[in-house]
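Asks: Before I ask anything, let me first share the structure, which is written out below as structure tokens.
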Amino acid sequence: MKRYILLAVLFFLFCKSSTVVKEHGIFAPSRHNYTLGQDGVCSIDFDENTTLWTFGDTIIGKWKNNSGPEKSLKEDAIAEGMISNSIAWSDKINPGNFRDIKLEFLTENGKVTQFIKNNPEENPLHHRLWALDGVRVKDRVYVYFLHVFIPDYSKFLEFKILSVGIAFWKIPDGWKKGDEIHFERLDNLFTENPPAFGASAIRHNGYVYLAGHFKKGVSFPVAFARVKEDFITDRSSYEFLDSNGNWVANLQDAGEFFGDVSGECSISYNSYLQSFIILYSQIFTGQIMMARFKDFGEIPFAKSLSVYKPLWNKEAQIWPYSGKEIFSYDKKVFAIYIDPLLYQPILVEIELKD
């Protein structure tokens, strides 16, 4: 126990005094050639030259000023619809291009389209397929998604998660950016209002590790799962982290961690720091919170501390949310959070010290 107390104290000093944050404005303004606003931003390492990008709700339409959002999405745009997921590709994001990375989106008939499709019996107005994070394993890309039911849009933020599903794309030989992308949808990996497993997904030492946020009473915790990467579509192969930091087979025994997570979060392994990092937005404040640990067994003792407090317009109905890492380089973590008034991901650069 003394060891974990010492780790917590050291991490407090690490976060409090050694973090430098720069905000770089709206992430990837090139998106505005295709979309008006998006959330649920996730990056997927495709190969040494390419990054894939998945998004949740994606608003399409026209700009009033032809220059993108300035005051609010409502004032600056004419919306024509909101699809529940979209996918794009770019050159591999790096410290040299992250400010103006150029994204190109999958389209149909000139408009951005869903890459995870609704079945014919699902009314897309009420049955939303929110794309989450994903990984590439060999010649396939896997993306987790939430099948969400929204019965009444007049009731703010009320919805039910019917299932966490997974979709995959078998990459054709010789595929290059701009070629066809076709995902096959596999439903019902987790059911009965589960944690949103796949909100973040990483490969590490032969496993895929997942974070999944959820609401429980007045708490907004995260649960963790893992699966050997060759069995990613096999529900029976998943394990869950319990409250003592052990991996167990029963989802009902999964632990609940942190408790103040607003929307999606991220989990990553930072090779430079030789540590896992969890990044998220705090519920009710929008502050970007960070926790760092060497091994999943330390999570029950890990403390999250604020590294950045975004400014946000009080006219928005909600605080900034879904803070998450999109890539890292050495000591620098590049992350986004969602500005609810602009409905845009905002890019921040977080520099850490050992």
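In the structure tokens, the first chain shown is A, the next is B, and so on; residue numbers restart at 1 for each chain, and ligands run from 1 in the order shown.
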I want to know what sits within 12 Å of stretch 181-188 of chain A, based on only C-alpha atoms, with residues of the same chain fewer than 6 positions away left out; could you give that as a VMD selection string?
Replies: chain A and resid 52 86 to 89 105 to 108 113 to 119 129 131 140 to 148 161 to 172 175 194 197 232 to 235
Asks: With a distance cut-off of 8 Å and only C-alpha atoms, select the neighbouring residues of A:Gln38, excluding the residue or stretch itself and same-chain residues fewer than 2 positions from it, and output the selection as a VMD selection string.
Replies: chain A and resid 35 to 36 40 to 41 55 to 59 343 to 345
Asks: Extract, using only C-alpha atoms, all DNA, RNA and protein residues at most 10 Å from A:Ser281, discarding same-chain residues fewer than 2 positions from it, and format them as a list of chain:residue names.
Replies: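 Skipping anything fewer than 2 positions along the chain leaves A:Asp260, A:Val261, A:Ser262, A:Gly263, A:Glu264, A:Cys265, A:Ser266, A:Leu279, A:Ile283, A:Phe284, A:Thr285, A:Gly286, A:Gln287, A:Ile288, A:Met289, A:Met290, A:Ser306, A:Tyr308, A:Lys309, A:Pro310, A:Trp319, A:Pro320, A:Tyr321, A:Ser322, A:Gly323, A:Lys324, A:Ile336, A:Tyr337, A:Ile338.
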Asks: Which residue gives the smallest distance to A:Ser237 among A:Leu189, A:Ile278, A:Ala201, A:Ala211, with only C-alpha atoms counted?
Replies: A:Leu189
Asks: Could you jot down the atom CA of A:Leu352 to atom CA of A:Ile326 separation for me, Å, one decimal place?
Replies: 15.6 Å
Asks: I want to know what sits within 8 Å of stretch 204-206 of chain A, based on only C-alpha atoms, with residues of the same chain fewer than 6 positions away left out; could you give that as a PDB file with C-alpha atoms, in the first residue's frame?
Replies:
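Contents of part-v9.pdb, freshly written:
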ATOM      1  CA  LYS A 228      -6.273 -11.402 -27.555  1.00  0.00           C
ATOM      2  CA  GLU A 229      -6.111  -9.647 -30.901  1.00  0.00           C
ATOM      3  CA  TYR A 269       0.634   3.289 -24.040  1.00  0.00           C
TER       4      TYR A 269
END
Asks: Can you list every residue in stretch 17-71 of chain A that DSSP puts in strand (DSSP E), as a VMD selection string?
Replies: chain A and resid 20 to 26 37 to 38 42 to 45 50 to 55 58 to 63
